[in-house]
Amino acid sequence: MDTQAESKIWTGNLVQATDSYALLRDCNASSRLTAQYYLWKELLGFLVHPDIPTQAADLRVADVATGNGIWLHDLARDKPTSAEFHGFDSSLDQVGPRPWLPANIRMHTWNIFEEPPSQFMGYFDVVHVRLITVWSIELTFSTFQNLAATFNGTKSTPSGVRQKPSQACRRNTSKKSTRNSEGMIQPDRLMTPNPSWKYDLTKIMNENGYSDSSLYTYEYGLSTARIWNDVYVSTWKEFADNVLKNPKAVRELEQKGMDEARNGAALMFPKLVWVARKT
């Protein structure tokens, strides 16, 4: 298949994003993506959910909203060269130049709110999507249908896994080990207006191109709470810098949050993983 002809493949040049991504794409943001990736990996204990077969020599994997591509790199490392790994994002500014990529990894620009490139319709065995339920608040039913269109019918993982505060039921939204933490409440409210629908996502997917949808919940303990909390604060700072446009207020809230953390407060949120099959 000649992907060069029909899709926008990463060549190492900056590609301006056309989406409403609320975070940043600078070196600090990329470093934050890497740190949170390894926290996720340690917590989950897998890259692809055990229910999903990934042993085929001709496996075709898509990583949608790939960010800096670290998940795709990790998964492709021990796979045969006959397997294909494709990363998609509305901007590839956080990805290394194409000559640095392994031979079986390709990067493409694609906005998830648009139909997939025609050459990838029904193409992939596994589709991985991480964190789109956090910042892409304008998710619609057509978004899930766009993802479903890329599957070839085998088991797949639209794992809009939660990395950020899940206010559904307000469960574990701000767990305090020593005292109340007002400094943690404002960032939480600013970043997550009303994500309770995520607990209904299996139903939404089953009505929009998927079947056998399952939700898995993973939680970490106080031993790593401060590490996770620092990632949350870093993410919130990106959001505030990019959206609020008030540097003084951002610095004050960041400092207040870190002071609270040093005194024993931490934001703690369950991580949600969805596994589904294309209908």
# chains A, B, ... in the order shown; residues from 1 in each chain; ligands from 1
>>> residues_around(residues="Val48 in chain A", least_positions_apart="3", cutoff="9 Å", atoms="only C-alpha atoms", output="list in words")
Asp51, Ile52, Pro53, Thr54, Leu75, Val126, His128 and Thr157 of chain A
>>> write_last_selection(atoms="C-alpha atoms", output="compact mmCIF listing (two decimals), in the first residue's frame")
# COMPACT_ATOMS: atom_id res chain seq x y z
CA ASP A 51 -8.10 -9.57 26.03
CA ILE A 52 -6.70 -8.35 22.71
CA PRO A 53 -4.46 -10.63 20.60
CA THR A 54 -1.32 -8.96 19.23
CA LEU A 75 4.79 -1.64 21.47
CA VAL A 126 -5.88 -2.81 16.91
CA HIS A 128 -5.44 2.50 20.56
CA THR A 157 -8.89 -0.94 22.04
>>> select_by_dssp(residues="range 6-127 of chain A", states="strand (DSSP E or B)", output="PyMOL selection string")
chain A and resi 9+60-64+84-89+105-109+124+126-127
>>> write_last_selection(atoms="N, CA and C atoms", output="tab-separated table (two decimals), in the first residue's frame")
chain	number	residue	atom	x	y	z
A	9	ILE	N	2.18	12.24	5.61
A	9	ILE	CA	3.15	11.50	6.41
A	9	ILE	C	4.20	12.46	6.95
A	60	ARG	N	-1.52	-5.05	12.35
A	60	ARG	CA	-1.60	-3.65	11.96
A	60	ARG	C	-2.20	-2.85	13.12
A	61	VAL	N	-1.44	-1.90	13.65
A	61	VAL	CA	-1.83	-1.16	14.84
A	61	VAL	C	-1.88	0.33	14.54
A	62	ALA	N	-2.93	0.99	15.01
A	62	ALA	CA	-3.03	2.45	14.93
A	62	ALA	C	-3.02	3.02	16.35
A	63	ASP	N	-2.29	4.09	16.52
A	63	ASP	CA	-2.28	4.84	17.78
A	63	ASP	C	-2.80	6.23	17.47
A	64	VAL	N	-4.05	6.50	17.85
A	64	VAL	CA	-4.70	7.76	17.53
A	64	VAL	C	-4.51	8.74	18.68
A	84	GLU	N	2.87	-3.61	11.19
A	84	GLU	CA	2.82	-2.17	10.88
A	84	GLU	C	2.29	-1.39	12.07
A	85	PHE	N	2.90	-0.24	12.32
A	85	PHE	CA	2.50	0.62	13.43
A	85	PHE	C	2.37	2.05	12.91
A	86	HIS	N	1.15	2.59	13.02
A	86	HIS	CA	0.86	3.91	12.48
A	86	HIS	C	0.38	4.83	13.60
A	87	GLY	N	1.02	5.99	13.73
A	87	GLY	CA	0.59	7.00	14.69
A	87	GLY	C	-0.15	8.12	13.99
A	88	PHE	N	-1.22	8.59	14.63
A	88	PHE	CA	-2.05	9.67	14.05
A	88	PHE	C	-2.24	10.77	15.08
A	89	ASP	N	-2.14	12.00	14.63
A	89	ASP	CA	-2.46	13.14	15.50
A	89	ASP	C	-2.74	14.34	14.61
A	105	ILE	N	7.34	1.95	11.76
A	105	ILE	CA	6.50	3.00	12.33
A	105	ILE	C	6.35	4.13	11.34
A	106	ARG	N	5.10	4.53	11.10
A	106	ARG	CA	4.80	5.69	10.27
A	106	ARG	C	3.92	6.64	11.06
A	107	MET	N	4.11	7.93	10.87
A	107	MET	CA	3.32	8.95	11.53
A	107	MET	C	2.52	9.74	10.50
A	108	HIS	N	1.26	10.05	10.84
A	108	HIS	CA	0.37	10.73	9.90
A	108	HIS	C	-0.41	11.81	10.64
A	109	THR	N	-0.77	12.87	9.94
A	109	THR	CA	-1.67	13.87	10.52
A	109	THR	C	-3.11	13.47	10.20
A	124	PHE	N	-7.01	-1.59	10.23
A	124	PHE	CA	-6.25	-1.95	11.43
A	124	PHE	C	-6.89	-3.06	12.25
A	126	VAL	N	-5.82	-3.42	15.58
A	126	VAL	CA	-5.88	-2.81	16.91
A	126	VAL	C	-5.81	-1.30	16.74
A	127	VAL	N	-6.74	-0.60	17.37
A	127	VAL	CA	-6.72	0.86	17.39
A	127	VAL	C	-6.68	1.31	18.84
>>> atom_distance(atom1="CA of Leu23 in chain A", atom2="CA of Asn242 in chain A")
6.2 Å
>>> closest_atom_pairs(of="range 57-134 of chain A", to="range 39-44 of chain A", cutoff="12 Å", atoms="only C-alpha atoms", output="Markdown table")
| residue | atom | partner | partner_atom | distance |
| --- | --- | --- | --- | --- |
| A:Ile70 | CA | A:Lys41 | CA | 11.1 |
| A:Trp71 | CA | A:Lys41 | CA | 9.2 |
| A:Asp74 | CA | A:Lys41 | CA | 10.3 |
| A:Leu75 | CA | A:Lys41 | CA | 11.3 |
| A:Arg130 | CA | A:Trp40 | CA | 10.6 |
| A:Leu131 | CA | A:Trp40 | CA | 11.3 |
>>> closest_residue(among="A:Val129, A:Ala249, A:Ala261, A:Ala148", to="Thr279 in chain A", atoms="only C-alpha atoms")
A:Ala148
>>> residues_around(residues="Val95 in chain A", least_positions_apart="2", cutoff="7 Å", atoms="only C-alpha atoms", output="list of chain:residue names")
A:Asn68, A:Gly69, A:Leu92, A:Asp93, A:Pro97
>>> closest_residue(among="A:Thr34, A:Ser196, A:Asn152, A:Ser82", to="Gln55 in chain A", atoms="only C-alpha atoms")
A:Ser82
>>> closest_residue(among="A:Thr81, A:Ser30, A:Thr224, A:Ser91", to="Trp110 in chain A", atoms="only C-alpha atoms")
A:Ser91
>>> atom_distance(atom1="CA of Glu238 in chain A", atom2="CA of Pro270 in chain A")
21.3 Å
>>> select_by_dssp(residues="range 69-102 of chain A", states="helix (DSSP H, G or I)", output="list in words")
Ile70, Trp71, Leu72, His73, Asp74, Leu75, Ala76, Arg98, Pro99 and Trp100 of chain A
>>> write_last_selection(atoms="C-alpha atoms", output="PDB file, in the first residue's frame")
ATOM      1  CA  ILE A  70       6.071   6.803  22.990  1.00  0.00           C
ATOM      2  CA  TRP A  71       3.352   4.133  23.336  1.00  0.00           C
ATOM      3  CA  LEU A  72       3.758   3.147  19.688  1.00  0.00           C
ATOM      4  CA  HIS A  73       7.542   2.936  19.980  1.00  0.00           C
ATOM      5  CA  ASP A  74       7.290   0.737  23.064  1.00  0.00           C
ATOM      6  CA  LEU A  75       4.793  -1.639  21.472  1.00  0.00           C
ATOM      7  CA  ALA A  76       6.675  -1.937  18.165  1.00  0.00           C
ATOM      8  CA  ARG A  98      10.992  10.595  10.064  1.00  0.00           C
ATOM      9  CA  PRO A  99      14.571   9.280   9.480  1.00  0.00           C
ATOM     10  CA  TRP A 100      14.799   8.592  13.236  1.00  0.00           C
TER      11      TRP A 100
END
